[in-house]
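For reference, data-v8.cif (mmCIF, C-alpha atoms):
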data_run
loop_
_atom_site.label_atom_id
_atom_site.label_comp_id
_atom_site.auth_asym_id
_atom_site.auth_seq_id
_atom_site.Cartn_x
_atom_site.Cartn_y
_atom_site.Cartn_z
CA MET D 1 6.55 31.40 21.51
CA LYS D 2 4.94 28.38 23.14
CA THR D 3 6.08 24.75 22.94
CA PHE D 4 3.91 21.81 23.95
CA CYS D 5 3.46 18.09 23.16
CA VAL D 6 0.35 16.55 21.67
CA LYS D 7 -0.62 13.11 20.43
CA LEU D 8 -2.47 13.25 17.12
CA ALA D 9 -3.58 10.15 15.18
CA GLY D 10 -1.51 8.11 17.63
CA VAL D 11 1.66 10.10 16.96
CA PRO D 12 3.33 12.18 19.71
CA LEU D 13 4.41 15.55 18.28
CA GLU D 14 6.12 18.58 19.73
CA ILE D 15 4.59 21.81 18.48
CA THR D 16 6.15 25.25 18.74
CA THR D 17 3.87 28.11 17.79
CA ALA D 18 4.38 31.85 17.57
CA LYS D 19 0.82 32.38 18.74
CA ASP D 20 0.67 31.49 22.45
CA SER D 21 -3.10 31.16 22.64
CA LEU D 22 -3.05 28.27 20.14
CA GLN D 23 -2.01 25.93 22.94
CA ASP D 24 -5.57 25.92 24.29
CA TYR D 25 -6.86 24.66 20.96
CA PHE D 26 -4.88 21.42 21.47
CA ALA D 27 -5.79 20.90 25.13
CA ASP D 28 -7.62 17.60 24.53
CA TYR D 29 -4.54 16.15 22.85
CA PHE D 30 -1.73 16.95 25.32
CA THR D 31 0.66 14.10 26.03
CA ASP D 32 3.74 13.32 28.14
CA GLU D 33 5.09 10.93 25.54
CA GLU D 34 8.42 11.57 23.84
CA PRO D 35 7.69 13.35 20.51
CA LEU D 36 8.54 11.59 17.24
CA ALA D 37 8.73 14.89 15.38
CA ARG D 38 9.25 18.54 16.29
CA LEU D 39 7.14 21.02 14.34
CA THR D 40 7.17 24.78 14.20
CA SER D 41 4.62 27.26 12.91
CA LEU D 42 5.70 30.89 12.85
CA ALA D 43 2.33 32.30 11.80
CA ASP D 44 0.98 34.51 14.58
CA ASP D 45 -2.00 36.06 12.87
CA ARG D 46 -5.55 34.82 12.38
CA ASN D 47 -4.27 32.18 9.95
CA ALA D 48 -2.13 30.56 12.64
CA ILE D 49 -4.56 27.69 13.20
CA LEU D 50 -4.60 26.88 9.47
CA ASP D 51 -0.84 27.14 9.21
CA ILE D 52 -0.26 24.71 12.07
CA HIS D 53 -2.88 22.46 10.51
CA ARG D 54 -0.83 22.31 7.32
CA VAL D 55 2.42 21.71 9.21
CA VAL D 56 0.87 18.89 11.27
CA SER D 57 -0.89 17.27 8.29
CA ASP D 58 2.32 17.26 6.25
CA ALA D 59 4.29 15.70 9.11
CA LEU D 60 1.68 13.05 9.94
CA ILE D 61 1.94 11.63 6.40
CA ASP D 62 5.42 10.44 7.44
CA PHE D 63 3.69 8.37 10.15
CA ASP D 64 1.01 6.96 7.82
CA ALA D 65 -1.81 9.29 8.88
CA LEU D 66 -3.79 11.08 6.21
CA LEU D 67 -6.06 14.06 6.64
CA PHE D 68 -9.40 13.46 4.97
CA HIS D 69 -11.98 16.25 4.80
CA SER D 70 -15.16 14.58 6.02
CA SER D 71 -17.59 14.21 8.87
CA ALA D 72 -16.84 11.07 10.88
CA ILE D 73 -19.22 9.48 13.34
CA MET D 74 -19.00 6.31 15.38
CA TYR D 75 -22.02 4.00 15.58
CA HIS D 76 -21.79 0.96 17.88
CA GLY D 77 -18.00 1.12 17.86
CA GLU D 78 -17.50 1.46 14.11
CA ALA D 79 -17.01 4.64 12.12
CA VAL D 80 -18.73 5.97 9.02
CA LEU D 81 -17.20 8.84 7.04
CA PHE D 82 -19.40 11.27 5.13
CA ALA D 83 -17.66 13.19 2.38
CA ALA D 84 -18.98 15.75 -0.09
CA PRO D 85 -18.09 19.10 -1.57
CA SER D 86 -18.53 21.90 0.96
CA GLY D 87 -22.13 22.95 1.31
CA THR D 88 -23.62 19.65 0.13
CA GLY D 89 -24.64 18.61 3.61
CA LYS D 90 -22.21 16.11 5.10
CA SER D 91 -22.42 17.71 8.53
CA THR D 92 -26.18 17.94 8.19
CA HIS D 93 -26.38 14.25 7.40
CA ALA D 94 -24.11 13.36 10.34
CA ALA D 95 -26.40 15.46 12.53
CA TYR D 96 -29.40 13.39 11.35
CA TRP D 97 -27.68 10.24 12.63
CA LYS D 98 -27.16 11.91 15.99
CA GLU D 99 -30.77 13.06 16.03
CA LEU D 100 -32.13 9.63 15.10
CA PHE D 101 -29.83 7.33 17.05
CA GLY D 102 -28.92 9.55 20.02
CA ASP D 103 -26.35 7.99 22.35
CA GLU D 104 -25.63 5.19 19.88
CA VAL D 105 -23.77 7.80 17.83
CA THR D 106 -20.60 9.66 18.86
CA TYR D 107 -18.87 12.31 16.78
CA VAL D 108 -15.26 11.45 16.00
CA ASN D 109 -14.78 14.67 14.03
CA ASP D 110 -17.13 16.83 11.99
CA ASP D 111 -14.64 18.30 9.53
CA LYS D 112 -11.00 17.23 9.43
CA PRO D 113 -10.30 13.82 10.99
CA PHE D 114 -7.03 11.95 10.42
CA LEU D 115 -7.24 8.52 8.87
CA ARG D 116 -4.87 5.65 9.58
CA PRO D 117 -5.47 3.32 6.61
CA LEU D 118 -2.85 0.85 7.89
CA GLY D 119 -4.35 0.76 11.37
CA ILE D 120 -3.23 1.79 14.83
CA ASP D 121 -1.76 0.16 17.94
CA GLY D 122 -1.36 -3.28 16.38
CA ASP D 123 -4.84 -3.35 14.81
CA SER D 124 -4.44 -3.37 11.01
CA ARG D 125 -7.97 -2.23 10.16
CA PRO D 126 -8.31 1.29 8.72
CA TYR D 127 -8.98 3.75 11.54
CA VAL D 128 -10.28 7.28 11.85
CA CYS D 129 -8.92 9.52 14.62
CA GLY D 130 -10.18 12.76 16.09
CA SER D 131 -8.35 16.05 15.58
CA PRO D 132 -8.57 19.54 17.06
CA TRP D 133 -9.94 20.86 13.74
CA ARG D 134 -13.57 19.98 14.33
CA GLY D 135 -15.44 22.29 11.97
CA LYS D 136 -17.70 25.20 12.64
CA HIS D 137 -19.93 23.38 15.15
CA ARG D 138 -16.86 22.09 17.05
CA LEU D 139 -18.07 18.50 17.07
CA GLY D 140 -15.64 15.71 17.78
CA ALA D 141 -13.44 14.17 20.42
CA ASN D 142 -10.03 12.64 21.03
CA ILE D 143 -11.17 9.14 20.07
CA SER D 144 -10.50 6.69 17.26
CA ALA D 145 -12.58 3.95 15.63
CA PRO D 146 -12.23 1.35 12.87
CA ILE D 147 -13.82 2.57 9.64
CA ARG D 148 -16.72 0.55 8.35
CA ALA D 149 -17.75 2.70 5.41
CA LEU D 150 -17.26 5.89 3.46
CA CYS D 151 -20.32 7.62 2.02
CA ILE D 152 -20.03 10.08 -0.82
CA ILE D 153 -22.99 12.40 -0.42
CA SER D 154 -24.85 14.26 -3.11
CA ARG D 155 -28.19 16.03 -3.12
CA ALA D 156 -31.25 14.53 -4.74
CA ASP D 157 -35.00 14.85 -4.32
CA LYS D 158 -35.42 11.14 -3.79
CA PRO D 159 -33.07 9.54 -1.22
CA HIS D 160 -31.05 6.57 -2.42
CA ILE D 161 -28.00 4.65 -1.27
CA SER D 162 -25.95 2.00 -3.04
CA GLU D 163 -22.59 0.36 -2.50
CA VAL D 164 -20.26 1.30 -5.35
CA PRO D 165 -16.73 0.41 -6.48
CA ALA D 166 -14.37 3.03 -5.06
CA LEU D 167 -13.03 3.66 -8.55
CA SER D 168 -16.42 4.96 -9.68
CA VAL D 169 -16.27 7.81 -7.16
CA LEU D 170 -12.50 8.29 -7.10
CA PRO D 171 -12.59 11.97 -8.19
CA GLU D 172 -15.07 12.79 -5.41
CA ILE D 173 -12.89 10.95 -2.90
CA MET D 174 -9.61 12.43 -4.04
CA TYR D 175 -11.01 15.91 -3.86
CA GLN D 176 -11.33 15.50 -0.08
CA VAL D 177 -7.82 14.14 0.49
CA TYR D 178 -5.29 16.60 1.89
CA VAL D 179 -2.48 16.93 -0.65
CA PRO D 180 0.74 17.37 1.33
CA ASP D 181 3.81 19.33 0.34
CA GLY D 182 6.50 17.55 -1.67
CA PRO D 183 6.56 14.64 -4.10
CA GLU D 184 7.48 11.95 -1.56
CA ARG D 185 4.65 12.84 0.76
CA ILE D 186 2.16 13.11 -2.12
CA GLY D 187 3.20 9.64 -3.26
CA ARG D 188 2.77 8.32 0.27
CA ALA D 189 -0.67 9.97 0.55
CA LEU D 190 -1.80 8.18 -2.62
CA GLU D 191 -0.48 4.87 -1.28
CA LEU D 192 -2.39 5.40 1.96
CA LEU D 193 -5.53 6.27 0.00
CA ASN D 194 -5.20 3.05 -1.97
CA ALA D 195 -4.82 1.06 1.28
CA LEU D 196 -7.87 2.81 2.73
CA LEU D 197 -10.11 2.10 -0.24
CA SER D 198 -8.98 -1.51 -0.34
CA GLY D 199 -10.10 -1.97 3.25
CA ILE D 200 -13.50 -0.29 3.53
CA LYS D 201 -16.87 -0.25 1.80
CA VAL D 202 -17.81 2.79 -0.26
CA TYR D 203 -21.36 4.00 -0.76
CA LYS D 204 -22.96 6.64 -2.88
CA LEU D 205 -25.60 8.36 -0.81
CA GLU D 206 -28.09 10.66 -2.44
CA CYS D 207 -30.10 12.51 0.13
CA ASN D 208 -32.50 15.37 0.60
CA LEU D 209 -32.87 17.49 3.70
CA ASP D 210 -34.89 14.95 5.64
CA SER D 211 -33.59 13.07 8.66
CA SER D 212 -35.07 9.79 7.35
CA CYS D 213 -31.99 9.64 5.07
CA ALA D 214 -29.99 8.61 8.11
CA LYS D 215 -32.22 5.57 8.63
CA LEU D 216 -31.85 4.64 4.97
CA ALA D 217 -28.06 4.87 5.24
CA GLN D 218 -27.89 3.04 8.56
CA ASP D 219 -29.95 0.16 7.12
CA ALA D 220 -27.65 -0.17 4.12
CA ILE D 221 -24.39 0.12 6.06
CA PHE D 222 -25.21 -1.77 9.25
CA GLY D 223 -28.17 -3.90 8.13
CA GLU D 224 -28.27 -7.72 7.93
CA MET L 225 5.74 16.93 -27.15
CA LYS L 226 6.34 15.68 -23.62
CA ILE L 227 4.82 15.48 -20.16
CA LYS L 228 5.81 18.38 -17.93
CA PRO L 229 8.21 17.31 -15.18
CA GLY L 230 7.00 16.96 -11.60
CA PHE L 231 4.08 14.52 -11.68
CA VAL L 232 3.87 11.94 -8.91
CA LEU L 233 2.19 8.74 -10.07
CA ARG L 234 0.69 5.96 -7.96
CA GLU L 235 -1.81 3.20 -8.55
CA VAL L 236 -5.11 3.73 -6.72
CA MET L 237 -7.70 0.97 -7.00
CA GLY L 238 -6.36 -0.15 -10.39
CA ASP L 239 -6.07 3.23 -12.11
CA MET L 240 -2.97 5.39 -12.17
CA VAL L 241 -3.32 8.75 -10.46
CA ALA L 242 -0.98 11.61 -11.30
CA VAL L 243 -0.61 14.60 -8.99
CA PRO L 244 1.42 17.64 -10.10
CA THR L 245 4.29 19.02 -8.02
CA GLY L 246 6.90 21.67 -8.74
CA GLU L 247 6.94 22.83 -12.36
CA ALA L 248 3.87 20.80 -13.34
CA ALA L 249 1.82 22.30 -10.50
CA LYS L 250 2.28 25.79 -11.94
CA THR L 251 0.20 25.07 -15.04
CA PHE L 252 -2.03 22.22 -13.90
CA HIS L 253 -4.18 22.16 -10.78
CA GLY L 254 -5.90 18.98 -9.76
CA MET L 255 -5.21 15.33 -10.37
CA VAL L 256 -5.13 13.14 -13.46
CA ARG L 257 -6.62 9.69 -13.53
CA LEU L 258 -5.28 7.34 -16.17
CA ASN L 259 -6.72 3.99 -17.17
CA LYS L 260 -4.38 1.31 -18.49
CA THR L 261 -4.33 2.60 -22.08
CA ALA L 262 -3.98 6.25 -21.13
CA TYR L 263 -1.12 5.32 -18.82
CA GLU L 264 0.72 3.57 -21.68
CA ILE L 265 0.35 6.70 -23.78
CA TRP L 266 1.57 8.79 -20.83
CA GLN L 267 4.62 6.56 -20.46
CA GLY L 268 5.32 6.81 -24.18
CA LEU L 269 5.20 10.61 -24.01
CA GLU L 270 7.46 10.61 -20.95
CA ALA L 271 9.94 8.48 -22.85
CA GLY L 272 10.02 11.15 -25.56
CA LYS L 273 8.25 9.11 -28.27
CA ASP L 274 6.06 10.87 -30.81
CA LEU L 275 2.40 9.99 -31.22
CA SER L 276 2.75 7.74 -34.26
CA GLN L 277 5.59 5.85 -32.55
CA ILE L 278 3.40 5.32 -29.47
CA ALA L 279 0.53 4.16 -31.68
CA SER L 280 2.63 1.67 -33.62
CA ASP L 281 4.16 0.31 -30.38
CA MET L 282 0.66 -0.23 -29.02
CA ALA L 283 -0.59 -1.75 -32.28
CA ALA L 284 2.14 -4.36 -31.94
CA VAL L 285 0.78 -5.35 -28.52
CA TYR L 286 -2.96 -4.99 -29.04
CA ASP L 287 -5.01 -6.66 -31.68
CA ALA L 288 -6.36 -3.48 -33.27
CA ALA L 289 -5.83 -1.52 -36.45
CA PRO L 290 -2.93 0.97 -36.13
CA GLU L 291 -5.11 3.76 -37.62
CA LYS L 292 -7.72 3.22 -34.94
CA ILE L 293 -5.08 3.25 -32.19
CA GLU L 294 -3.50 6.40 -33.56
CA VAL L 295 -6.86 8.18 -33.32
CA ASP L 296 -7.13 7.18 -29.65
CA VAL L 297 -3.55 8.18 -28.91
CA LYS L 298 -4.12 11.60 -30.50
CA SER L 299 -7.30 12.07 -28.54
CA VAL L 300 -5.60 11.32 -25.20
CA ALA L 301 -2.65 13.55 -26.10
CA GLU L 302 -5.02 16.38 -27.01
CA GLN L 303 -6.80 16.10 -23.68
CA LEU L 304 -3.47 16.19 -21.83
CA GLN L 305 -2.38 19.18 -23.89
CA GLN L 306 -5.59 21.11 -23.25
CA ALA L 307 -5.18 20.49 -19.55
CA GLY L 308 -1.68 22.02 -19.66
CA ILE L 309 0.05 18.74 -18.84
CA ILE L 310 2.05 18.44 -22.04
CA GLU L 311 4.67 20.90 -23.24
CA GLU L 312 5.90 21.17 -26.81
#

Just dump the structure as C-alpha cells.
Amino acid sequence: MKTFCVKLAGVPLEITTAKDSLQDYFADYFTDEEPLARLTSLADDRNAILDIHRVVSDALIDFDALLFHSSAIMYHGEAVLFAAPSGTGKSTHAAYWKELFGDEVTYVNDDKPFLRPLGIDGDSRPYVCGSPWRGKHRLGANISAPIRALCIISRADKPHISEVPALSVLPEIMYQVYVPDGPERIGRALELLNALLSGIKVYKLECNLDSSCAKLAQDAIFGE
Amino acid sequence: MKIKPGFVLREVMGDMVAVPTGEAAKTFHGMVRLNKTAYEIWQGLEAGKDLSQIASDMAAVYDAAPEKIEVDVKSVAEQLQQAGIIEE
C-alpha cells in the first residue's frame, strides 16, 4: 500500500493505492497541501489506473470538478475542448492545431481533463484542468485555462464549422460527461454541465483528415 | 403504468435531462432528454395518473383539442415504454 497527496483540478486529495507503482503516474500532481478528501483504491491489477480514475472522478464532483472526455488545448491563454465519439479524430484535430500553430498551442490534456464550470481560485469563468489521464499519446500537463469554446467534431468530406446552441448537440455532449456513482453526484454533474454550457460557446465542427481544418476552426473561434 | 424509480432529473439548457440510477439503471442505459411537454407527461406518470387523465389535465392548460393531446401523450408514453423506462 502507498499513500500520497496530489492536487487535481485545484483540490488536494490523499490517495491510498494497493498498487505501489501507481504513485509515479501522479508525480506531476504531488502537493504538500492538507487533503480535503481521503480516497482509497484497492485494485492492484492492470485495471488499477482505471479504478483510481473512477474513485477520483467521483470524489471531485463533490468539489465541483467534472471529468469530460475530450482533447483540450490552450491557444493564447484560452482553452478549446474537442469532443467526439472515440475514433472520430478529436486527438487528430488537436494535433493539427499543434502542427499549424506550434508554440502558440499547449496541450492541457488529450483525453480526460477535469472541468471546473464554476471557475477556480476566485475566477468564476469555466476552467479546464490537466489530469494524469492523458490518453494514449500522453499529451498534457498540470496546467489550467479558462474555456473559450467546445467543439463537437464529426467527419465530413467538406470541412465546416458553425456556432450552435448547446441544446442542439446535447446528446453528443452528454455522451462525453463522466457519470458518477450515486444520485446526488449525478444530479450535481448535470448542474455543473448546465453551468458549463451557459458559460462557453459551442461549435459543430465537421472535418476531414486535413490539417487545414485547424485553421478553419481557429478563424471561427478566435477570429474578429 | 409508471416511471421506474431511480431517475435523477435536472434542467440542462432548458430541457430536462433524466439519468437512471439504482433500479432504473438496470433496464435503461443512457440518458433521457425531455422537452417541456414530455416533462409534463413524465410528471403525470410519476404522480400515478393514467394517460387519459394526463391528456385531459394538459387540455385544460393548453389550447388544443383533447383528442390531439391524447395522441401525443400516448406517443410519448410508448417511447418511454419501449425504452424500458415505464413499468406496468

List every residue of region 113-205 of chain D that has an atom at most 9 Å from any atom of region 53-60 of chain D, and for each one report the closest atom pair and its distance in Å to one decimal, counting all atoms listed in the file, with rows sorted by chain and then by increasing residue number, as CSV.
residue,atom,partner,partner_atom,distance
D:Phe114,CA,D:Ser57,CA,8.4
D:Trp133,CA,D:His53,CA,7.9
D:Tyr178,CA,D:Ser57,CA,7.8
D:Val179,CA,D:Asp58,CA,8.4
D:Pro180,CA,D:Asp58,CA,5.2
D:Asp181,CA,D:Asp58,CA,6.4
D:Gly182,CA,D:Asp58,CA,9.0
D:Arg185,CA,D:Asp58,CA,7.4

Could you write out as a count of residues only the residues of chain D within 9 Å of chain L, counting all atoms listed in the file? 21

Pairwise distance for CA of Tyr107 (chain D) and CA of Pro165 (chain D), rounded to one decimal in Å: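 One can read the CA of Tyr107 (chain D) to CA of Pro165 (chain D) distance as 26.2 Å.
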
Residue IDs satisfying the PyMOL selection byres ((chain D and resi 138) around 12), as a VMD selection string: chain D and resid 25 71 91 107 to 112 130 to 137 139 to 141

Interatomic distance, CA of Glu33 (chain D) to CA of Leu196 (chain D) (Å, one decimal): 27.5 Å

Between CA of Ala271 (chain L) and CA of Lys228 (chain L) lies a distance of 11.8 Å

Using all atoms listed in the file, pick whichever of D:Thr40, D:Val202, D:Ser154, D:Val164 has the shortest atom-to-atom distance to Ser86 (chain D).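 Nearest candidate to Ser86 (chain D) out of D:Thr40, D:Val202, D:Ser154, D:Val164: D:Ser154.
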
What's the 10 Å shell around region 4-15 of chain D, counting only C-alpha atoms, without same-chain residues fewer than 2 positions away, as a PyMOL selection string? chain D and resi 2+17+23+26-41+52+55-57+59-60+63-67+113-116+120-121+127-132+142-144

For the PyMOL selection byres ((chain L and resi 301-310) around 8), applied here, can you spell out every residue it catches as a ChimeraX atom specification? /L:225-228,248,251-252,265,297-300,311-312

Save the residues we just selected, C-alpha atoms, as an mmCIF file, in the coordinates of the input?
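Dumped to selection12.cif:
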data_model
loop_
_atom_site.group_PDB
_atom_site.id
_atom_site.type_symbol
_atom_site.label_atom_id
_atom_site.label_comp_id
_atom_site.auth_asym_id
_atom_site.auth_seq_id
_atom_site.Cartn_x
_atom_site.Cartn_y
_atom_site.Cartn_z
ATOM 1 C CA MET L 225 5.740 16.930 -27.150
ATOM 2 C CA LYS L 226 6.340 15.680 -23.620
ATOM 3 C CA ILE L 227 4.820 15.480 -20.160
ATOM 4 C CA LYS L 228 5.810 18.380 -17.930
ATOM 5 C CA ALA L 248 3.870 20.800 -13.340
ATOM 6 C CA THR L 251 0.200 25.070 -15.040
ATOM 7 C CA PHE L 252 -2.030 22.220 -13.900
ATOM 8 C CA ILE L 265 0.350 6.700 -23.780
ATOM 9 C CA VAL L 297 -3.550 8.180 -28.910
ATOM 10 C CA LYS L 298 -4.120 11.600 -30.500
ATOM 11 C CA SER L 299 -7.300 12.070 -28.540
ATOM 12 C CA VAL L 300 -5.600 11.320 -25.200
ATOM 13 C CA GLU L 311 4.670 20.900 -23.240
ATOM 14 C CA GLU L 312 5.900 21.170 -26.810
#

Run the PyMOL selection byres ((chain D and resi 208) around 8) against the file shown and list the residues it catches, as a count of residues only. 10

Please identify all polymer residues within 8 Å of His93 (chain D), counting all atoms listed in the file, omitting same-chain residues fewer than 5 positions from it, and present them as a ChimeraX atom specification. /D:82,211,213-214

If we count only C-alpha atoms and set the cut-off at 6 Å, which residues sit around Leu258 (chain L), ignoring sequence neighbours fewer than 3 positions away in its own chain? Please answer as a list in words. Asp239, Met240, Ala262 and Tyr263 of chain L
